[in-house]
$ cat query_31.txt   # compact mmCIF, N, CA and C atoms
# COMPACT_ATOMS: atom_id res chain seq x y z
N MET N 1 13.96 14.71 2.64
CA MET N 1 13.49 16.08 2.76
C MET N 1 14.63 17.08 2.55
N GLY N 2 15.78 16.59 2.15
CA GLY N 2 16.93 17.46 2.01
C GLY N 2 16.76 18.53 0.94
N SER N 3 16.13 18.17 -0.15
CA SER N 3 16.01 19.11 -1.27
C SER N 3 14.62 18.99 -1.89
N PRO N 4 14.07 20.11 -2.37
CA PRO N 4 12.79 20.04 -3.06
C PRO N 4 12.91 19.59 -4.52
N ALA N 5 14.13 19.35 -4.98
CA ALA N 5 14.36 19.01 -6.39
C ALA N 5 13.54 17.82 -6.87
N PRO N 6 13.50 16.67 -6.15
CA PRO N 6 12.68 15.55 -6.65
C PRO N 6 11.20 15.91 -6.80
N LEU N 7 10.70 16.70 -5.86
CA LEU N 7 9.31 17.11 -5.92
C LEU N 7 9.07 18.05 -7.10
N LEU N 8 9.98 18.99 -7.31
CA LEU N 8 9.85 19.92 -8.42
C LEU N 8 9.94 19.20 -9.77
N ILE N 9 10.80 18.20 -9.86
CA ILE N 9 10.90 17.40 -11.09
C ILE N 9 9.60 16.62 -11.31
N THR N 10 9.05 16.06 -10.23
CA THR N 10 7.77 15.34 -10.33
C THR N 10 6.67 16.27 -10.85
N PHE N 11 6.60 17.49 -10.30
CA PHE N 11 5.59 18.45 -10.75
C PHE N 11 5.81 18.86 -12.20
N ALA N 12 7.05 19.03 -12.59
CA ALA N 12 7.35 19.43 -13.97
C ALA N 12 6.89 18.34 -14.95
N VAL N 13 7.20 17.08 -14.63
CA VAL N 13 6.79 15.97 -15.49
C VAL N 13 5.26 15.87 -15.51
N TYR N 14 4.64 16.00 -14.34
CA TYR N 14 3.18 15.96 -14.22
C TYR N 14 2.53 17.03 -15.09
N LEU N 15 2.96 18.27 -14.94
CA LEU N 15 2.36 19.37 -15.71
C LEU N 15 2.65 19.23 -17.21
N LEU N 16 3.85 18.80 -17.54
CA LEU N 16 4.19 18.60 -18.95
C LEU N 16 3.27 17.56 -19.58
N PHE N 17 3.03 16.46 -18.84
CA PHE N 17 2.16 15.42 -19.38
C PHE N 17 0.71 15.87 -19.49
N VAL N 18 0.16 16.42 -18.40
CA VAL N 18 -1.28 16.71 -18.41
C VAL N 18 -1.64 17.93 -19.26
N LEU N 19 -0.67 18.82 -19.52
CA LEU N 19 -0.97 20.02 -20.30
C LEU N 19 -0.50 19.94 -21.75
N LYS N 20 0.55 19.19 -22.03
CA LYS N 20 1.11 19.15 -23.39
C LYS N 20 1.16 17.76 -23.99
N VAL N 21 1.99 16.90 -23.42
CA VAL N 21 2.27 15.59 -24.01
C VAL N 21 1.03 14.71 -24.07
N GLY N 22 0.32 14.60 -22.96
CA GLY N 22 -0.87 13.75 -22.91
C GLY N 22 -1.95 14.14 -23.90
N PRO N 23 -2.39 15.42 -23.89
CA PRO N 23 -3.40 15.82 -24.87
C PRO N 23 -2.95 15.64 -26.33
N ARG N 24 -1.66 15.91 -26.59
CA ARG N 24 -1.15 15.72 -27.95
C ARG N 24 -1.15 14.24 -28.33
N TYR N 25 -0.78 13.37 -27.38
CA TYR N 25 -0.77 11.93 -27.62
C TYR N 25 -2.19 11.41 -27.87
N MET N 26 -3.16 11.93 -27.14
CA MET N 26 -4.54 11.45 -27.24
C MET N 26 -5.33 12.11 -28.36
N LYS N 27 -4.76 13.10 -29.02
CA LYS N 27 -5.49 13.90 -30.01
C LYS N 27 -6.22 13.05 -31.05
N ASP N 28 -5.55 12.10 -31.65
CA ASP N 28 -6.15 11.29 -32.71
C ASP N 28 -6.48 9.87 -32.24
N ARG N 29 -6.62 9.69 -30.95
CA ARG N 29 -6.93 8.38 -30.40
C ARG N 29 -8.29 8.41 -29.70
N LYS N 30 -8.84 7.22 -29.56
CA LYS N 30 -10.09 7.10 -28.80
C LYS N 30 -9.76 7.19 -27.31
N PRO N 31 -10.71 7.64 -26.50
CA PRO N 31 -10.48 7.66 -25.05
C PRO N 31 -10.21 6.25 -24.54
N MET N 32 -9.27 6.14 -23.62
CA MET N 32 -8.93 4.83 -23.07
C MET N 32 -10.02 4.37 -22.11
N ASN N 33 -10.27 3.08 -22.11
CA ASN N 33 -11.22 2.49 -21.17
C ASN N 33 -10.43 2.07 -19.92
N LEU N 34 -10.53 2.86 -18.89
CA LEU N 34 -9.76 2.63 -17.67
C LEU N 34 -10.67 2.28 -16.50
N SER N 35 -11.84 1.76 -16.78
CA SER N 35 -12.83 1.54 -15.71
C SER N 35 -12.32 0.58 -14.63
N LEU N 36 -11.64 -0.50 -15.02
CA LEU N 36 -11.11 -1.43 -14.01
C LEU N 36 -10.03 -0.75 -13.17
N PHE N 37 -9.12 -0.05 -13.83
CA PHE N 37 -8.08 0.67 -13.12
C PHE N 37 -8.68 1.71 -12.17
N ILE N 38 -9.69 2.44 -12.64
CA ILE N 38 -10.33 3.47 -11.82
C ILE N 38 -11.00 2.85 -10.60
N ARG N 39 -11.65 1.71 -10.79
CA ARG N 39 -12.27 1.03 -9.65
C ARG N 39 -11.22 0.62 -8.60
N CYS N 40 -10.13 0.02 -9.08
CA CYS N 40 -9.06 -0.39 -8.16
C CYS N 40 -8.45 0.82 -7.47
N TYR N 41 -8.23 1.88 -8.22
CA TYR N 41 -7.68 3.12 -7.67
C TYR N 41 -8.61 3.68 -6.59
N ASN N 42 -9.90 3.71 -6.86
CA ASN N 42 -10.86 4.23 -5.89
C ASN N 42 -10.92 3.37 -4.62
N VAL N 43 -10.86 2.05 -4.78
CA VAL N 43 -10.84 1.16 -3.61
C VAL N 43 -9.58 1.43 -2.79
N PHE N 44 -8.44 1.56 -3.47
CA PHE N 44 -7.20 1.88 -2.79
C PHE N 44 -7.31 3.18 -2.01
N GLN N 45 -7.86 4.22 -2.64
CA GLN N 45 -7.99 5.52 -1.99
C GLN N 45 -8.89 5.44 -0.76
N VAL N 46 -10.01 4.73 -0.87
CA VAL N 46 -10.92 4.59 0.26
C VAL N 46 -10.22 3.86 1.41
N LEU N 47 -9.52 2.76 1.10
CA LEU N 47 -8.82 2.01 2.14
C LEU N 47 -7.71 2.85 2.78
N ALA N 48 -6.95 3.57 1.97
CA ALA N 48 -5.86 4.39 2.49
C ALA N 48 -6.40 5.50 3.39
N CYS N 49 -7.44 6.19 2.94
CA CYS N 49 -8.01 7.26 3.75
C CYS N 49 -8.64 6.71 5.03
N THR N 50 -9.25 5.54 4.94
CA THR N 50 -9.81 4.90 6.14
C THR N 50 -8.69 4.58 7.13
N PHE N 51 -7.56 4.12 6.62
CA PHE N 51 -6.41 3.84 7.48
C PHE N 51 -5.98 5.10 8.23
N PHE N 52 -5.85 6.22 7.51
CA PHE N 52 -5.41 7.46 8.15
C PHE N 52 -6.43 7.97 9.16
N ILE N 53 -7.69 7.89 8.84
CA ILE N 53 -8.73 8.31 9.79
C ILE N 53 -8.70 7.42 11.02
N HIS N 54 -8.56 6.12 10.82
CA HIS N 54 -8.49 5.18 11.94
C HIS N 54 -7.26 5.48 12.80
N TRP N 55 -6.12 5.74 12.16
CA TRP N 55 -4.90 6.04 12.90
C TRP N 55 -5.09 7.27 13.77
N ILE N 56 -5.67 8.32 13.22
CA ILE N 56 -5.91 9.55 13.98
C ILE N 56 -6.89 9.29 15.12
N HIS N 57 -7.96 8.57 14.82
CA HIS N 57 -8.98 8.28 15.84
C HIS N 57 -8.40 7.46 16.99
N GLN N 58 -7.56 6.48 16.69
CA GLN N 58 -6.96 5.63 17.72
C GLN N 58 -6.08 6.42 18.69
N ARG N 59 -5.51 7.50 18.23
CA ARG N 59 -4.62 8.28 19.07
C ARG N 59 -5.33 9.41 19.80
N GLY N 60 -6.64 9.49 19.65
CA GLY N 60 -7.42 10.48 20.37
C GLY N 60 -7.25 11.89 19.85
N THR N 61 -6.80 12.01 18.60
CA THR N 61 -6.63 13.34 18.03
C THR N 61 -8.00 13.93 17.75
N SER N 62 -8.23 15.11 18.26
CA SER N 62 -9.51 15.77 18.06
C SER N 62 -9.28 17.11 17.38
N TYR N 63 -10.36 17.78 17.09
CA TYR N 63 -10.27 19.09 16.46
C TYR N 63 -9.45 20.04 17.34
N LYS N 64 -9.69 20.00 18.65
CA LYS N 64 -8.98 20.90 19.56
C LYS N 64 -7.48 20.59 19.62
N SER N 65 -7.12 19.31 19.59
CA SER N 65 -5.71 18.97 19.74
C SER N 65 -4.92 19.19 18.47
N THR N 66 -5.55 19.32 17.32
CA THR N 66 -4.80 19.51 16.09
C THR N 66 -4.21 20.91 15.99
N TRP N 67 -4.66 21.83 16.81
CA TRP N 67 -4.16 23.20 16.73
C TRP N 67 -3.06 23.47 17.76
N ARG N 68 -2.62 22.43 18.44
CA ARG N 68 -1.57 22.59 19.45
C ARG N 68 -0.33 21.83 19.04
N CYS N 69 0.77 22.21 19.64
CA CYS N 69 2.03 21.51 19.41
C CYS N 69 1.97 20.14 20.08
N ILE N 70 2.51 19.14 19.44
CA ILE N 70 2.51 17.80 20.02
C ILE N 70 3.70 17.69 20.96
N GLU N 71 3.42 17.56 22.23
CA GLU N 71 4.48 17.42 23.22
C GLU N 71 4.22 16.15 24.00
N ASN N 72 5.06 15.18 23.80
CA ASN N 72 4.92 13.91 24.50
C ASN N 72 6.32 13.35 24.71
N ARG N 73 7.02 13.87 25.67
CA ARG N 73 8.42 13.52 25.86
C ARG N 73 8.61 12.09 26.35
N ARG N 74 7.56 11.45 26.82
CA ARG N 74 7.70 10.09 27.37
C ARG N 74 7.61 9.02 26.29
N GLU N 75 7.13 9.36 25.12
CA GLU N 75 6.95 8.35 24.08
C GLU N 75 7.63 8.79 22.78
N PRO N 76 8.93 8.59 22.67
CA PRO N 76 9.62 8.99 21.43
C PRO N 76 9.14 8.18 20.22
N GLU N 77 8.66 6.96 20.46
CA GLU N 77 8.16 6.15 19.34
C GLU N 77 6.96 6.83 18.68
N ALA N 78 6.16 7.55 19.48
CA ALA N 78 4.97 8.23 18.94
C ALA N 78 5.38 9.32 17.95
N ALA N 79 6.46 10.02 18.24
CA ALA N 79 6.93 11.07 17.33
C ALA N 79 7.43 10.48 16.03
N ILE N 80 8.16 9.39 16.14
CA ILE N 80 8.67 8.73 14.94
C ILE N 80 7.52 8.17 14.12
N GLN N 81 6.53 7.60 14.80
CA GLN N 81 5.35 7.08 14.10
C GLN N 81 4.59 8.21 13.41
N LEU N 82 4.48 9.36 14.07
CA LEU N 82 3.82 10.51 13.46
C LEU N 82 4.56 10.97 12.21
N ALA N 83 5.88 11.01 12.28
CA ALA N 83 6.68 11.40 11.11
C ALA N 83 6.48 10.40 9.97
N ASN N 84 6.45 9.10 10.29
CA ASN N 84 6.24 8.07 9.26
C ASN N 84 4.86 8.17 8.64
N ILE N 85 3.84 8.41 9.46
CA ILE N 85 2.48 8.53 8.94
C ILE N 85 2.35 9.76 8.05
N THR N 86 2.98 10.86 8.46
CA THR N 86 2.95 12.07 7.63
C THR N 86 3.62 11.81 6.29
N TRP N 87 4.72 11.07 6.32
CA TRP N 87 5.43 10.71 5.08
C TRP N 87 4.51 9.87 4.17
N LEU N 88 3.83 8.89 4.74
CA LEU N 88 2.90 8.06 3.96
C LEU N 88 1.76 8.90 3.40
N PHE N 89 1.29 9.83 4.20
CA PHE N 89 0.19 10.70 3.74
C PHE N 89 0.64 11.56 2.57
N MET N 90 1.87 12.03 2.60
CA MET N 90 2.38 12.81 1.48
C MET N 90 2.46 11.94 0.23
N TRP N 91 2.89 10.68 0.38
CA TRP N 91 2.94 9.78 -0.77
C TRP N 91 1.55 9.52 -1.33
N LEU N 92 0.57 9.44 -0.46
CA LEU N 92 -0.81 9.26 -0.94
C LEU N 92 -1.23 10.47 -1.78
N ARG N 93 -0.86 11.66 -1.34
CA ARG N 93 -1.18 12.87 -2.11
C ARG N 93 -0.44 12.86 -3.46
N ILE N 94 0.78 12.34 -3.49
CA ILE N 94 1.52 12.26 -4.76
C ILE N 94 0.84 11.26 -5.69
N ILE N 95 0.40 10.14 -5.14
CA ILE N 95 -0.31 9.14 -5.95
C ILE N 95 -1.59 9.74 -6.55
N GLU N 96 -2.20 10.68 -5.84
CA GLU N 96 -3.42 11.30 -6.35
C GLU N 96 -3.20 12.12 -7.62
N LEU N 97 -1.96 12.39 -7.96
CA LEU N 97 -1.69 13.05 -9.24
C LEU N 97 -2.17 12.20 -10.41
N LEU N 98 -2.30 10.90 -10.17
CA LEU N 98 -2.81 9.99 -11.21
C LEU N 98 -4.22 10.36 -11.67
N GLU N 99 -5.00 10.99 -10.80
CA GLU N 99 -6.36 11.37 -11.19
C GLU N 99 -6.35 12.23 -12.45
N THR N 100 -5.43 13.18 -12.49
CA THR N 100 -5.35 14.07 -13.65
C THR N 100 -4.87 13.31 -14.88
N VAL N 101 -3.95 12.40 -14.69
CA VAL N 101 -3.47 11.57 -15.81
C VAL N 101 -4.64 10.77 -16.37
N ILE N 102 -5.49 10.25 -15.49
CA ILE N 102 -6.67 9.49 -15.94
C ILE N 102 -7.59 10.39 -16.75
N PHE N 103 -7.80 11.64 -16.31
CA PHE N 103 -8.64 12.57 -17.08
C PHE N 103 -8.10 12.72 -18.50
N VAL N 104 -6.79 12.89 -18.61
CA VAL N 104 -6.17 13.10 -19.92
C VAL N 104 -6.33 11.86 -20.80
N LEU N 105 -6.07 10.68 -20.24
CA LEU N 105 -6.15 9.44 -21.03
C LEU N 105 -7.59 9.10 -21.41
N ARG N 106 -8.55 9.62 -20.68
CA ARG N 106 -9.97 9.41 -21.02
C ARG N 106 -10.52 10.56 -21.86
N LYS N 107 -9.63 11.48 -22.26
CA LYS N 107 -9.97 12.66 -23.06
C LYS N 107 -11.02 13.53 -22.37
N LYS N 108 -10.85 13.74 -21.10
CA LYS N 108 -11.70 14.62 -20.30
C LYS N 108 -10.89 15.86 -19.92
N GLN N 109 -10.29 16.48 -20.92
CA GLN N 109 -9.39 17.60 -20.68
C GLN N 109 -10.10 18.78 -20.01
N ASN N 110 -11.42 18.87 -20.16
CA ASN N 110 -12.16 19.96 -19.52
C ASN N 110 -12.11 19.84 -17.99
N GLN N 111 -11.80 18.67 -17.46
CA GLN N 111 -11.71 18.49 -16.02
C GLN N 111 -10.33 18.88 -15.47
N VAL N 112 -9.40 19.13 -16.38
CA VAL N 112 -8.06 19.54 -15.97
C VAL N 112 -8.04 21.07 -15.89
N SER N 113 -8.66 21.58 -14.86
CA SER N 113 -8.76 23.03 -14.69
C SER N 113 -7.55 23.54 -13.90
N PRO N 114 -7.30 24.84 -14.00
CA PRO N 114 -6.22 25.41 -13.17
C PRO N 114 -6.44 25.16 -11.67
N LEU N 115 -7.68 25.21 -11.23
CA LEU N 115 -7.97 24.95 -9.82
C LEU N 115 -7.64 23.51 -9.45
N HIS N 116 -7.95 22.56 -10.34
CA HIS N 116 -7.64 21.15 -10.10
C HIS N 116 -6.13 20.96 -9.96
N LEU N 117 -5.37 21.54 -10.88
CA LEU N 117 -3.92 21.43 -10.85
C LEU N 117 -3.35 22.10 -9.60
N TYR N 118 -3.86 23.27 -9.28
CA TYR N 118 -3.40 23.98 -8.08
C TYR N 118 -3.66 23.15 -6.82
N HIS N 119 -4.83 22.57 -6.74
CA HIS N 119 -5.19 21.75 -5.58
C HIS N 119 -4.20 20.60 -5.39
N HIS N 120 -3.96 19.84 -6.44
CA HIS N 120 -3.09 18.67 -6.31
C HIS N 120 -1.64 19.06 -6.00
N ILE N 121 -1.16 20.10 -6.64
CA ILE N 121 0.22 20.52 -6.41
C ILE N 121 0.36 21.17 -5.03
N SER N 122 -0.59 22.01 -4.66
CA SER N 122 -0.46 22.73 -3.38
C SER N 122 -0.56 21.80 -2.18
N THR N 123 -1.39 20.76 -2.23
CA THR N 123 -1.49 19.87 -1.08
C THR N 123 -0.17 19.14 -0.85
N VAL N 124 0.46 18.71 -1.92
CA VAL N 124 1.76 18.04 -1.78
C VAL N 124 2.81 19.03 -1.28
N CYS N 125 2.81 20.24 -1.83
CA CYS N 125 3.78 21.25 -1.40
C CYS N 125 3.61 21.60 0.08
N LEU N 126 2.38 21.76 0.51
CA LEU N 126 2.15 22.10 1.91
C LEU N 126 2.59 20.98 2.84
N LEU N 127 2.33 19.74 2.46
CA LEU N 127 2.81 18.62 3.27
C LEU N 127 4.34 18.57 3.30
N TRP N 128 4.96 18.81 2.16
CA TRP N 128 6.41 18.80 2.10
C TRP N 128 6.97 19.90 3.01
N LEU N 129 6.39 21.10 2.92
CA LEU N 129 6.85 22.20 3.76
C LEU N 129 6.65 21.89 5.24
N PHE N 130 5.51 21.27 5.56
CA PHE N 130 5.25 20.90 6.96
C PHE N 130 6.31 19.92 7.45
N MET N 131 6.59 18.91 6.65
CA MET N 131 7.56 17.90 7.06
C MET N 131 8.98 18.47 7.13
N LYS N 132 9.30 19.38 6.24
CA LYS N 132 10.65 19.95 6.19
C LYS N 132 10.88 20.96 7.32
N TYR N 133 9.91 21.85 7.54
CA TYR N 133 10.17 22.98 8.41
C TYR N 133 9.37 23.01 9.71
N SER N 134 8.48 22.07 9.92
CA SER N 134 7.64 22.15 11.11
C SER N 134 7.54 20.82 11.84
N PRO N 135 8.66 20.20 12.15
CA PRO N 135 8.54 18.96 12.93
C PRO N 135 8.12 19.30 14.35
N SER N 136 7.51 18.35 15.00
CA SER N 136 7.07 18.61 16.38
C SER N 136 8.28 18.77 17.28
N GLU N 137 8.06 19.36 18.41
CA GLU N 137 9.13 19.59 19.38
C GLU N 137 9.76 18.26 19.81
N LEU N 138 8.96 17.22 19.85
CA LEU N 138 9.47 15.93 20.28
C LEU N 138 10.49 15.38 19.29
N ILE N 139 10.21 15.51 18.00
CA ILE N 139 11.14 14.99 17.00
C ILE N 139 12.47 15.75 17.09
N ILE N 140 12.40 17.06 17.29
CA ILE N 140 13.62 17.85 17.43
C ILE N 140 14.40 17.39 18.65
N ASN N 141 13.70 17.12 19.77
CA ASN N 141 14.38 16.64 20.97
C ASN N 141 15.00 15.28 20.75
N LEU N 142 14.32 14.42 19.99
CA LEU N 142 14.87 13.09 19.70
C LEU N 142 16.14 13.19 18.88
N ILE N 143 16.14 14.04 17.90
CA ILE N 143 17.32 14.20 17.06
C ILE N 143 18.48 14.75 17.89
N ASN N 144 18.18 15.73 18.73
CA ASN N 144 19.23 16.32 19.58
C ASN N 144 19.76 15.31 20.58
N ALA N 145 18.89 14.44 21.09
CA ALA N 145 19.30 13.45 22.08
C ALA N 145 20.21 12.39 21.45
N LYS N 146 19.98 12.06 20.17
CA LYS N 146 20.78 11.03 19.51
C LYS N 146 22.14 11.59 19.08
N ALA N 147 22.23 12.92 18.93
CA ALA N 147 23.49 13.54 18.47
C ALA N 147 24.53 13.60 19.55
$ encode --input "query_31.txt" --output "structure tokens"
Amino acid sequence: MGSPAPLLITFAVYLLFVLKVGPRYMKDRKPMNLSLFIRCYNVFQVLACTFFIHWIHQRGTSYKSTWRCIENRREPEAAIQLANITWLFMWLRIIELLETVIFVLRKKQNQVSPLHLYHHISTVCLLWLFMKYSPSELIINLINAKA
């Protein structure tokens, strides 16, 4: 989380491919048949999202508790686990950039709308900002205690 440079490079490559390189590459080609890949990708997404929902449910997180600061000074492992889960969730959002790549390779460029691109980029950016600038009070206390 030290620098946004890797994320910005990822977004630059992503936008370059889905807006310029990919459509130009596919211009004189038939749409790729990615049905098996898409099925595997969808199964992966369902399993990953189920994992995250299960993780949240197991910890008793409710609508009311999501709007409060997480303070649990007796369980430092919980804060570290929360940081790890948030990191995994951000990686899942980065993997979702593949959806747009699939649209391009299947010659479905009409589905690559500005709103679609904004959605995928903004969710990753918001998670990155959350992880960088808004750690829970417990994580800050853990870092200070180890120093």
$ residues_around --input "query_31.txt" --residues "stretch 34-47 of chain N" --least-positions-apart "6" --cutoff "8 Å" --atoms "all atoms listed in the file" --output "list in words"
Ile53, Ile102, Leu105 and Arg106 of chain N
$ closest_residue --input "query_31.txt" --among "N:Leu126, N:Leu115, N:Val104, N:Leu7" --to "N:Met32" --atoms "only N, CA and C atoms"
N:Val104
$ residues_around --input "query_31.txt" --residues "N:Leu15" --least-positions-apart "6" --cutoff "10 Å" --atoms "only C-alpha atoms" --output "PyMOL selection string"
chain N and resi 9+21-22+97+100-101+117+121
$ build_atoms --input "query_31.txt" --residues "stretch 102-121 of chain N" --atoms "N, CA, C and O atoms" --output "tab-separated table (two decimals), in the coordinates of the input"
chain	number	residue	atom	x	y	z
N	102	ILE	N	-5.49	10.25	-15.49
N	102	ILE	CA	-6.67	9.49	-15.94
N	102	ILE	C	-7.59	10.39	-16.75
N	102	ILE	O	-8.12	9.97	-17.79
N	103	PHE	N	-7.80	11.64	-16.31
N	103	PHE	CA	-8.64	12.57	-17.08
N	103	PHE	C	-8.10	12.72	-18.50
N	103	PHE	O	-8.86	12.70	-19.47
N	104	VAL	N	-6.79	12.89	-18.61
N	104	VAL	CA	-6.17	13.10	-19.92
N	104	VAL	C	-6.33	11.86	-20.80
N	104	VAL	O	-6.71	11.95	-21.98
N	105	LEU	N	-6.07	10.68	-20.24
N	105	LEU	CA	-6.15	9.44	-21.03
N	105	LEU	C	-7.59	9.10	-21.41
N	105	LEU	O	-7.81	8.38	-22.39
N	106	ARG	N	-8.55	9.62	-20.68
N	106	ARG	CA	-9.97	9.41	-21.02
N	106	ARG	C	-10.52	10.56	-21.86
N	106	ARG	O	-11.72	10.63	-22.12
N	107	LYS	N	-9.63	11.48	-22.26
N	107	LYS	CA	-9.97	12.66	-23.06
N	107	LYS	C	-11.02	13.53	-22.37
N	107	LYS	O	-11.95	14.03	-22.98
N	108	LYS	N	-10.85	13.74	-21.10
N	108	LYS	CA	-11.70	14.62	-20.30
N	108	LYS	C	-10.89	15.86	-19.92
N	108	LYS	O	-10.81	16.25	-18.77
N	109	GLN	N	-10.29	16.48	-20.92
N	109	GLN	CA	-9.39	17.60	-20.68
N	109	GLN	C	-10.10	18.78	-20.01
N	109	GLN	O	-9.47	19.56	-19.31
N	110	ASN	N	-11.42	18.87	-20.16
N	110	ASN	CA	-12.16	19.96	-19.52
N	110	ASN	C	-12.11	19.84	-17.99
N	110	ASN	O	-12.35	20.82	-17.30
N	111	GLN	N	-11.80	18.67	-17.46
N	111	GLN	CA	-11.71	18.49	-16.02
N	111	GLN	C	-10.33	18.88	-15.47
N	111	GLN	O	-10.13	18.94	-14.27
N	112	VAL	N	-9.40	19.13	-16.38
N	112	VAL	CA	-8.06	19.54	-15.97
N	112	VAL	C	-8.04	21.07	-15.89
N	112	VAL	O	-7.47	21.75	-16.73
N	113	SER	N	-8.66	21.58	-14.86
N	113	SER	CA	-8.76	23.03	-14.69
N	113	SER	C	-7.55	23.54	-13.90
N	113	SER	O	-6.88	22.77	-13.21
N	114	PRO	N	-7.30	24.84	-14.00
N	114	PRO	CA	-6.22	25.41	-13.17
N	114	PRO	C	-6.44	25.16	-11.67
N	114	PRO	O	-5.48	24.90	-10.95
N	115	LEU	N	-7.68	25.21	-11.23
N	115	LEU	CA	-7.97	24.95	-9.82
N	115	LEU	C	-7.64	23.51	-9.45
N	115	LEU	O	-7.09	23.24	-8.38
N	116	HIS	N	-7.95	22.56	-10.34
N	116	HIS	CA	-7.64	21.15	-10.10
N	116	HIS	C	-6.13	20.96	-9.96
N	116	HIS	O	-5.65	20.31	-9.03
N	117	LEU	N	-5.37	21.54	-10.88
N	117	LEU	CA	-3.92	21.43	-10.85
N	117	LEU	C	-3.35	22.10	-9.60
N	117	LEU	O	-2.48	21.53	-8.93
N	118	TYR	N	-3.86	23.27	-9.28
N	118	TYR	CA	-3.40	23.98	-8.08
N	118	TYR	C	-3.66	23.15	-6.82
N	118	TYR	O	-2.79	23.05	-5.96
N	119	HIS	N	-4.83	22.57	-6.74
N	119	HIS	CA	-5.19	21.75	-5.58
N	119	HIS	C	-4.20	20.60	-5.39
N	119	HIS	O	-3.66	20.41	-4.30
N	120	HIS	N	-3.96	19.84	-6.44
N	120	HIS	CA	-3.09	18.67	-6.31
N	120	HIS	C	-1.64	19.06	-6.00
N	120	HIS	O	-0.99	18.43	-5.17
N	121	ILE	N	-1.16	20.10	-6.64
N	121	ILE	CA	0.22	20.52	-6.41
N	121	ILE	C	0.36	21.17	-5.03
N	121	ILE	O	1.30	20.89	-4.29
